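In what follows, a structure is listed as structure tokens, so that the remarks can point back to it.
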Amino acid sequence: MPAAPVVRLIGVRKTYSMGDQNLAALDGVDLTLEAGEFVAIMGPSGSGKSTLMHVIGLLDRIDSGRYLFEGQDVALLDADQLADVRSRRLGFVFQSYNLLPRTTAIENVELPMVYAGVTDQERRRRALQALEIVGVPEMAQHVSNQMSGGQQQRVAIARALVNDPSLILADEPTGALDTKSSEEIMRLFARLNAEHGMTILLVTHEPDVGRKAKRVVEFRDGKIVRDLPVGEAFRGAAAG
Amino acid sequence: MRLKALVRLAWEAIVRNRVRSLLTMLGMIIGVGAVVITISIGVGARAAISAQITGLGSNLLIVIPGSVNLNGVQTGTGAASTLTPDDGLAIVKLYHVAAVSPLVGLHTQAIAGSNNWYTGIAGVAPSYTYIREWHMASGRFFTDADEASSAKVCVLGQTVIENLFPDGDSPLGKTVLVHNVPFTVIGTLARRGQSASGQDQDDTILIPFTASMQRVTGTTFVNVILVSADDGKYIPFVQNEIFGLLRQRHRITGAMQDDFDIRNLQDIANAAASSATTMELLLAGVAVVSLLVGGIGIMNIMLVSVSERTREIGLRIAVGARSSSILLQFLIEAVVLSGVGGLIGVLLGVIGSGAVAIFGHWPMAIPIGGMLLAFGFAMLTGVFFGYYPASKAAHLNPIEALRFE
């Protein structure tokens, strides 16, 4: 029996009411992510890609449709069960890193394991390992304001992968970085996908970033307008 | 998430903002300190009062000269020379009077051999030891015959013995000079220690009041008349009888001012107890208000803390914290805050109790039960006032929290 897809969205709708008008952030979205995929969600701001991220990340509930995470219908899970799935099966990377202030890198990386109930010793060992994978083991004892943006984002990525999740969600992970750091972070994501088999879903509006993924899903007004392998998605635009 | 980790997390958050945390705890510190001092004052004052009552003798009434008007000059209470030994003899004949002793006192130098000592000389009746419930250490007390003959005999308190006979010899049979009058030592008094007001009760020489009046002071009046009722329940009756008797003897009629006053020991004790109660109530009020204000202070600072750490809370929810973990994290922070405040309060309370005990001349009481009560109440206040901010944190929307600037 083949493993269930990591994410399966069927006719998902999510509507926000702004005053007297309703805004459909997700307007009938069908999307499947298989294990090992590296997908970029692209689209202009307000197209619904952030809402998609929050829905897939179990931070927001959908209004209608179905969402199966690893084959499990998340509508059937209560708040504590959703928290446990977030802690063990999901990793988040944010545009603004969101490291805890006045806290060392290694303690930041340990945070998801604290909530997953991992023992002290095991936490330390796995956190160090994760920092090595992202290439900043020497930053373990540094607090966030002693690190560059690129280093902070690497620590944040270590935090996302430390519980060996089935999906890493990255929301504009290069949005606050310069070009060089951006490229390094994208190479890191590509390496995590290729060498560690991590399933990665990243949201971006920058074509240069989306180009590093293997599959590109384009959003407009809450709908998927294109869903292509990266080679086809950027055909003809490659020169530009 | 385990409790130890949560407490450490809370402690780190508190230490990060030392000054703010200390100011927040101030209400708790004052509240708990006040509770501890309150209980200590209550216990100490009551102990002092009960020591006072048993120290002075039971069922005691004290007749003192009143304030009199001498050609328009009003003298102070106790200064007048209106009480005589005959007043005492008349009082003995009243119903329910067990014993009466006049007291003629002066402070002067007593000399024995090459040693001398400034002490209080009290001229009293043979019934004095009965009235004051004071036992002899050696020898005998003076008798009615000694009183009748104004015998030059004396009984020494332990402090006087230590100073007049420092080499440890028995003073019995030795001679003590008071105002150049030789008195033979016939007995010594058992050690009594300090009085409730801090006076050394053993620093005294007792002589028959007749000898005192005729041979030492040369006066015809007495300073005080001590009266012992035969039962505590007759004290008001006896007090009333003495009033009537002395007014008659001193020819005081109608609206004329009494030239004497009667102190009832129970009244003194009641007054002391009621002032202790007033103070306790006052401090208890301060304590309750402080704990309340302290609790509100903690709630306020916890709300600030939750608001400051909105992004942190959002992140914790995103990486898998259950809302119960967030609730517990902030609740424990509030409880640690109030608990540390409570501990400091207990410490200050103990120091304050010591100071008050020294000031009030009573044995220091460290009320363990009271301290636990105050500390527990502080923790409860922390839980009560910490719950609202903690619940606010636990129910934040993670998406909005992560966007919060």
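The way I read the labels, and the way they are meant: chains A, B, ... in the order of the structure tokens, residue 1 as the first residue of every chain, and ligand 1 as the first ligand shown, with later ones counted on from there.
The protein and nucleic acid residues lying at most 12 Å from Val160 in chain B are Gln109, Ala110, Ile111, Ala112, Asn115, Asn116, Trp117, Tyr118, Thr119, Gly120, Ile121, Cys154, Val155, Phe165, Pro166, Pro171, Val176, Val185, Thr188, Leu189, Arg191, Asp200, Gln201, Asp202, Asp203, Thr204, Ile205 and Leu206 of chain B, with only C-alpha atoms considered and sequence neighbours fewer than 5 positions away removed.
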Could those selected residues go to a file with C-alpha atoms, as a compact mmCIF listing (two decimals), in the first residue's frame?
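Now in part30.txt:
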```txt
# COMPACT_ATOMS: atom_id res chain seq x y z
CA GLN B 109 22.06 53.82 98.58
CA ALA B 110 22.25 50.62 100.62
CA ILE B 111 25.58 49.73 102.24
CA ALA B 112 26.87 46.37 103.45
CA ASN B 115 29.98 47.39 99.21
CA ASN B 116 27.18 49.75 98.35
CA TRP B 117 24.33 49.62 95.84
CA TYR B 118 21.63 52.05 94.73
CA THR B 119 18.33 50.24 94.93
CA GLY B 120 14.64 50.50 95.67
CA ILE B 121 13.61 50.20 99.35
CA CYS B 154 15.04 43.41 105.93
CA VAL B 155 14.55 40.86 103.15
CA PHE B 165 27.48 40.33 99.00
CA PRO B 166 29.45 39.55 95.86
CA PRO B 171 23.63 37.41 103.75
CA VAL B 176 22.64 46.45 105.68
CA VAL B 185 18.93 40.55 106.93
CA THR B 188 16.08 36.42 100.81
CA LEU B 189 13.49 36.47 98.02
CA ARG B 191 14.46 35.20 91.81
CA ASP B 200 14.40 44.11 87.33
CA GLN B 201 12.05 42.95 90.09
CA ASP B 202 14.91 41.41 92.05
CA ASP B 203 16.58 44.80 92.55
CA THR B 204 14.74 45.52 95.80
CA ILE B 205 15.03 45.53 99.60
CA LEU B 206 11.84 44.91 101.59
```
Worksheet item: Which chain A residues are at most 9 Å from chain B (counting only C-alpha atoms), as JSON, numbers by chain?
Response: {"A": [54, 57, 58, 59, 60, 79, 80, 81, 82, 83, 84, 85, 86, 87, 88, 90, 91, 92, 98, 99, 100, 101, 111, 112, 113, 114, 115, 116, 117, 159, 160]}
Item to complete: Using only C-alpha atoms, determine which residues lie at most 12 Å from Lys180 in chain A, disregarding the query and same-chain residues fewer than 6 positions distant; provide the list as JSON, numbers by chain.
Response: {"A": [149, 150, 174, 186, 187, 209]}
Could those residues be written to a file, using N, CA and C atoms, as a PDB file, in the first residue's frame?
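Output (selection-v8.pdb):
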```pdb
ATOM      1  N   GLY A 149      21.523  37.889   9.751  1.00  0.00           N
ATOM      2  CA  GLY A 149      20.212  37.419   9.323  1.00  0.00           C
ATOM      3  C   GLY A 149      20.274  36.005   8.764  1.00  0.00           C
ATOM      4  N   GLY A 150      21.284  35.748   7.919  1.00  0.00           N
ATOM      5  CA  GLY A 150      21.415  34.421   7.324  1.00  0.00           C
ATOM      6  C   GLY A 150      21.638  33.353   8.375  1.00  0.00           C
ATOM      7  N   THR A 174      13.268  33.989   2.630  1.00  0.00           N
ATOM      8  CA  THR A 174      14.384  34.837   2.213  1.00  0.00           C
ATOM      9  C   THR A 174      13.972  36.306   2.153  1.00  0.00           C
ATOM     10  N   MET A 186      18.471  29.119   0.055  1.00  0.00           N
ATOM     11  CA  MET A 186      17.779  28.280  -0.924  1.00  0.00           C
ATOM     12  C   MET A 186      18.599  27.032  -1.250  1.00  0.00           C
ATOM     13  N   ARG A 187      19.937  27.173  -1.273  1.00  0.00           N
ATOM     14  CA  ARG A 187      20.782  25.987  -1.494  1.00  0.00           C
ATOM     15  C   ARG A 187      20.611  24.996  -0.339  1.00  0.00           C
ATOM     16  N   VAL A 209      13.590  32.872  -6.197  1.00  0.00           N
ATOM     17  CA  VAL A 209      13.499  31.916  -5.101  1.00  0.00           C
ATOM     18  C   VAL A 209      12.683  30.706  -5.539  1.00  0.00           C
TER      19      VAL A 209
END
```
Identify, on the basis of only C-alpha atoms, every residue whose closest approach to range 29-31 of chain B does not exceed 8 Å; exclude the query and any residue fewer than 2 positions from it along the same chain; express the result as an mmCIF file with N, CA and C atoms, in the first residue's frame.
```cif
data_model
loop_
_atom_site.group_PDB
_atom_site.id
_atom_site.type_symbol
_atom_site.label_atom_id
_atom_site.label_comp_id
_atom_site.auth_asym_id
_atom_site.auth_seq_id
_atom_site.Cartn_x
_atom_site.Cartn_y
_atom_site.Cartn_z
ATOM 1 N N MET B 25 6.540 42.909 43.060
ATOM 2 C CA MET B 25 6.418 42.079 44.263
ATOM 3 C C MET B 25 6.174 42.906 45.523
ATOM 4 N N LEU B 26 6.394 44.224 45.433
ATOM 5 C CA LEU B 26 6.352 45.072 46.627
ATOM 6 C C LEU B 26 5.050 44.910 47.414
ATOM 7 N N GLY B 27 3.943 44.884 46.693
ATOM 8 C CA GLY B 27 2.657 44.725 47.362
ATOM 9 C C GLY B 27 2.597 43.433 48.154
ATOM 10 N N GLY B 33 4.518 40.602 54.946
ATOM 11 C CA GLY B 33 5.236 41.113 56.118
ATOM 12 C C GLY B 33 4.268 41.588 57.179
ATOM 13 N N ALA B 34 3.229 42.308 56.748
ATOM 14 C CA ALA B 34 2.246 42.837 57.700
ATOM 15 C C ALA B 34 1.492 41.708 58.388
ATOM 16 N N VAL B 35 1.168 40.667 57.640
ATOM 17 C CA VAL B 35 0.453 39.533 58.248
ATOM 18 C C VAL B 35 1.318 38.904 59.340
ATOM 19 N N VAL B 286 -4.230 46.518 56.705
ATOM 20 C CA VAL B 286 -3.108 46.854 55.813
ATOM 21 C C VAL B 286 -2.712 45.624 55.009
ATOM 22 N N ALA B 287 -2.671 44.470 55.697
ATOM 23 C CA ALA B 287 -2.236 43.233 55.046
ATOM 24 C C ALA B 287 -3.170 42.860 53.901
ATOM 25 N N VAL B 288 -4.476 42.907 54.182
ATOM 26 C CA VAL B 288 -5.445 42.512 53.159
ATOM 27 C C VAL B 288 -5.375 43.453 51.961
ATOM 28 N N VAL B 289 -5.330 44.764 52.257
ATOM 29 C CA VAL B 289 -5.277 45.736 51.161
ATOM 30 C C VAL B 289 -3.993 45.554 50.353
ATOM 31 N N SER B 290 -2.865 45.320 51.060
ATOM 32 C CA SER B 290 -1.591 45.142 50.361
ATOM 33 C C SER B 290 -1.604 43.915 49.469
ATOM 34 N N LEU B 291 -2.164 42.818 49.994
ATOM 35 C CA LEU B 291 -2.217 41.603 49.190
ATOM 36 C C LEU B 291 -3.095 41.815 47.961
ATOM 37 N N GLY B 294 -1.204 44.079 45.735
ATOM 38 C CA GLY B 294 -0.115 43.275 45.194
ATOM 39 C C GLY B 294 -0.607 42.345 44.091
ATOM 40 N N GLY B 341 7.903 37.102 46.307
ATOM 41 C CA GLY B 341 7.470 38.253 47.096
ATOM 42 C C GLY B 341 7.047 37.824 48.491
ATOM 43 N N GLY B 342 6.319 36.711 48.562
ATOM 44 C CA GLY B 342 5.878 36.194 49.852
ATOM 45 C C GLY B 342 7.041 35.815 50.746
ATOM 46 N N LEU B 343 8.052 35.183 50.147
ATOM 47 C CA LEU B 343 9.234 34.771 50.921
ATOM 48 C C LEU B 343 9.951 35.990 51.500
ATOM 49 N N ILE B 344 10.161 36.992 50.649
ATOM 50 C CA ILE B 344 10.813 38.217 51.125
ATOM 51 C C ILE B 344 9.954 38.843 52.227
ATOM 52 N N GLY B 345 8.634 38.793 52.028
ATOM 53 C CA GLY B 345 7.712 39.344 53.011
ATOM 54 C C GLY B 345 7.827 38.634 54.359
ATOM 55 N N VAL B 346 7.927 37.304 54.320
ATOM 56 C CA VAL B 346 8.069 36.533 55.558
ATOM 57 C C VAL B 346 9.357 36.945 56.274
ATOM 58 N N LEU B 348 11.060 39.791 56.006
ATOM 59 C CA LEU B 348 10.911 41.133 56.570
ATOM 60 C C LEU B 348 9.973 41.104 57.763
#
```
Practice prompt. Going by DSSP on the backbone, which bits of range 60-274 of chain B are helix (DSSP H, G or I)? Write them as a VMD selection string, please.
Written response: chain B and resid 85 to 92 128 to 131 144 to 148 158 to 164 209 to 217 232 to 249 265 to 274
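Taking only C-alpha atoms into account, Thr32 in chain A lies nearest to A:Tyr67 out of the set A:Phe189, A:Tyr67, A:Phe94, A:Phe234.
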Fill in: Residues flagged strand (DSSP E or B) by DSSP in range 248-340 of chain B, as a PyMOL selection string
chain B and resi 260-264
File dump, residues just selected, C-alpha atoms, as a short mmCIF file (atom, residue, chain, number, x, y, z; two decimals), in the first residue's frame:
```
data_model
loop_
_atom_site.label_atom_id
_atom_site.label_comp_id
_atom_site.auth_asym_id
_atom_site.auth_seq_id
_atom_site.Cartn_x
_atom_site.Cartn_y
_atom_site.Cartn_z
CA PHE B 260 -7.32 58.67 95.38
CA ASP B 261 -7.68 56.30 92.50
CA ILE B 262 -8.17 52.55 92.31
CA ARG B 263 -6.50 50.57 89.56
CA ASN B 264 -8.02 47.24 88.79
#
```
Item to complete: Could you jot down the CA of Glu70 in chain A to CA of Ala4 in chain A separation for me, Å, one decimal place?
Response: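 We find that CA of Glu70 in chain A and CA of Ala4 in chain A lie 5.5 Å from each other.
Among the candidate residues B:Gly193, B:Pro126, B:Gly386, B:Pro102, the one lying nearest to Val306 in chain B is B:Gly386, with distances computed using only C-alpha atoms.
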Worksheet entry | 9 Å contact set for range 123-131 of chain A, only C-alpha atoms, chain neighbours under 5 positions out, as a ChimeraX atom specification | /A:105-111,113-114,118,136-140,154-155,157-159,161-163
Discussion item. Give me the residues near Ile207 in chain B as a list in words, where near means some atom within 10 Å (using only C-alpha atoms) and where sequence neighbours in that chain fewer than 5 positions away do not count.
Written reply: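 Selected residues are Leu103, Val104, Gly105, Ile121, Ala122, Gly123, Val124, Ala125, Pro126, Phe141, Phe142, Asp146, Glu147, Ser150, Ala151, Lys152, Val153, Cys154, Val155, Leu156, Phe183, Thr184, Val185 and Ser212 of chain B.
Between CA of Tyr128 in chain B and CA of Lys174 in chain B there is a distance of 22.5 Å.
Nearest residue to Gly66 in chain B among B:Val178, B:Val224, B:Met364, B:Ile301 is B:Val224, counting only C-alpha atoms.
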